[in-house]
Amino acid sequence: MRIFAIIDEDEGKELAYFIYYEKINECYIEIRDDVDEWDLPFVLEHFVRKGQRTVDPYHTLLWIEQRVIPPDRQNIGMILKECGLEEYDEIKLFLIAEGRCAQDSCCIKRIKNSDLPPEIQARMRHKLILAIAYGANDYLLTFADGTAATIGLDNYRKDYAWIDRVLAYAHLLSEAKVECAGSCVSWSDKWKISYDYLYAHAKRLPFTEDTLQKFASGNRMTTQEVMTLLKCTRQNVNDLVSRGRLIPVDSSARNYQFLRKDVEALL
């Protein structure tokens, strides 16, 4: 992770922080608590006006695209070659130009993680770990501080007009993913909700993520545990799976994992 302060050079003031995950080439923005909408460049001010301080990856890219050379520029190939790039990448162009453009006096400057203001560091401890759809339009959420919470999407149509479209297609509920190192939940390239909004609006549950992990662990069995309980061989377990009598919930590891209730039903 690389962090850059977004600075208004004319005012000599840090406005926000550009968080860049180089390995996955994804980014988002954290806006300072002491900055108002009039201090910020276009796109970013919209979030403060709505009472939000974390800018999701989609809108961060929109902001970047306004500040870099467009991909349809006539001599774009020559420009990319001069920049040492083999293909067009708006984030890398943004970094090379240090975030500067003719629209304002903003630029970016690399800082250490420890240089982030305490309120930003505290905010980032609320990042998302997990988002699981359940019921008609609800999600179970867990955050990096161990908090577990639930949120109903239909309550926030006013803030996110596209929620109606998600709710109209039930399969989209289960396709939500936590992206950009926990900075948001995403349903598509455009439909994203940042972690700070979810943390502020979700209803806290009377247990923690650790409780959920213990619950999940206690209700799963490995192949070896199934063999011990059923007093059978690995070949017998594989045969049960091939005949559909035992359905693994996780086959990504070397050993299958099964729900305890499914195994005990075979006793």
# chains A, B, ... in the order shown; residues from 1 in each chain; ligands from 1
call {"tool": "residues_around", "arguments": {"residues": "A:Met124", "least_positions_apart": "6", "cutoff": "9 Å", "atoms": "only C-alpha atoms", "output": "list in words"}}
result
Glu30, Ala144, Ser183, Tyr195 and Asp196 of chain A
call {"tool": "residues_around", "arguments": {"residues": "A:Thr222", "least_positions_apart": "6", "cutoff": "8 Å", "atoms": "only C-alpha atoms", "output": "PyMOL selection string"}}
result
chain A and resi 255-258
call {"tool": "select_by_dssp", "arguments": {"residues": "stretch 14-188 of chain A", "states": "strand (DSSP E)", "output": "ChimeraX atom specification"}}
result
/A:14-21,26-31,54-55,106-111,128-134,138-143,147-152,177-179,184-186
call {"tool": "residues_around", "arguments": {"residues": "stretch 225-227 of chain A", "least_positions_apart": "6", "cutoff": "12 Å", "atoms": "only C-alpha atoms", "output": "ChimeraX atom specification"}}
result
/A:218-219,233-238,240-241,246,248,255-267
call {"tool": "residues_around", "arguments": {"residues": "A:Asn113", "least_positions_apart": "4", "cutoff": "9 Å", "atoms": "only C-alpha atoms", "output": "ChimeraX atom specification"}}
result
/A:1-3,121
call {"tool": "residues_around", "arguments": {"residues": "A:Tyr17", "least_positions_apart": "5", "cutoff": "7 Å", "atoms": "only C-alpha atoms", "output": "PyMOL selection string"}}
result
chain A and resi 3-6+29-31
call {"tool": "write_last_selection", "arguments": {"atoms": "C-alpha atoms", "output": "tab-separated table (two decimals), in the first residue's frame"}}
result
chain	number	residue	atom	x	y	z
A	3	ILE	CA	-0.23	6.64	0.51
A	4	PHE	CA	-0.18	10.10	-1.03
A	5	ALA	CA	-1.42	13.34	0.49
A	6	ILE	CA	-3.66	15.36	-1.85
A	29	ILE	CA	-9.55	8.37	-1.22
A	30	GLU	CA	-9.93	9.38	2.43
A	31	ILE	CA	-10.96	13.04	2.98
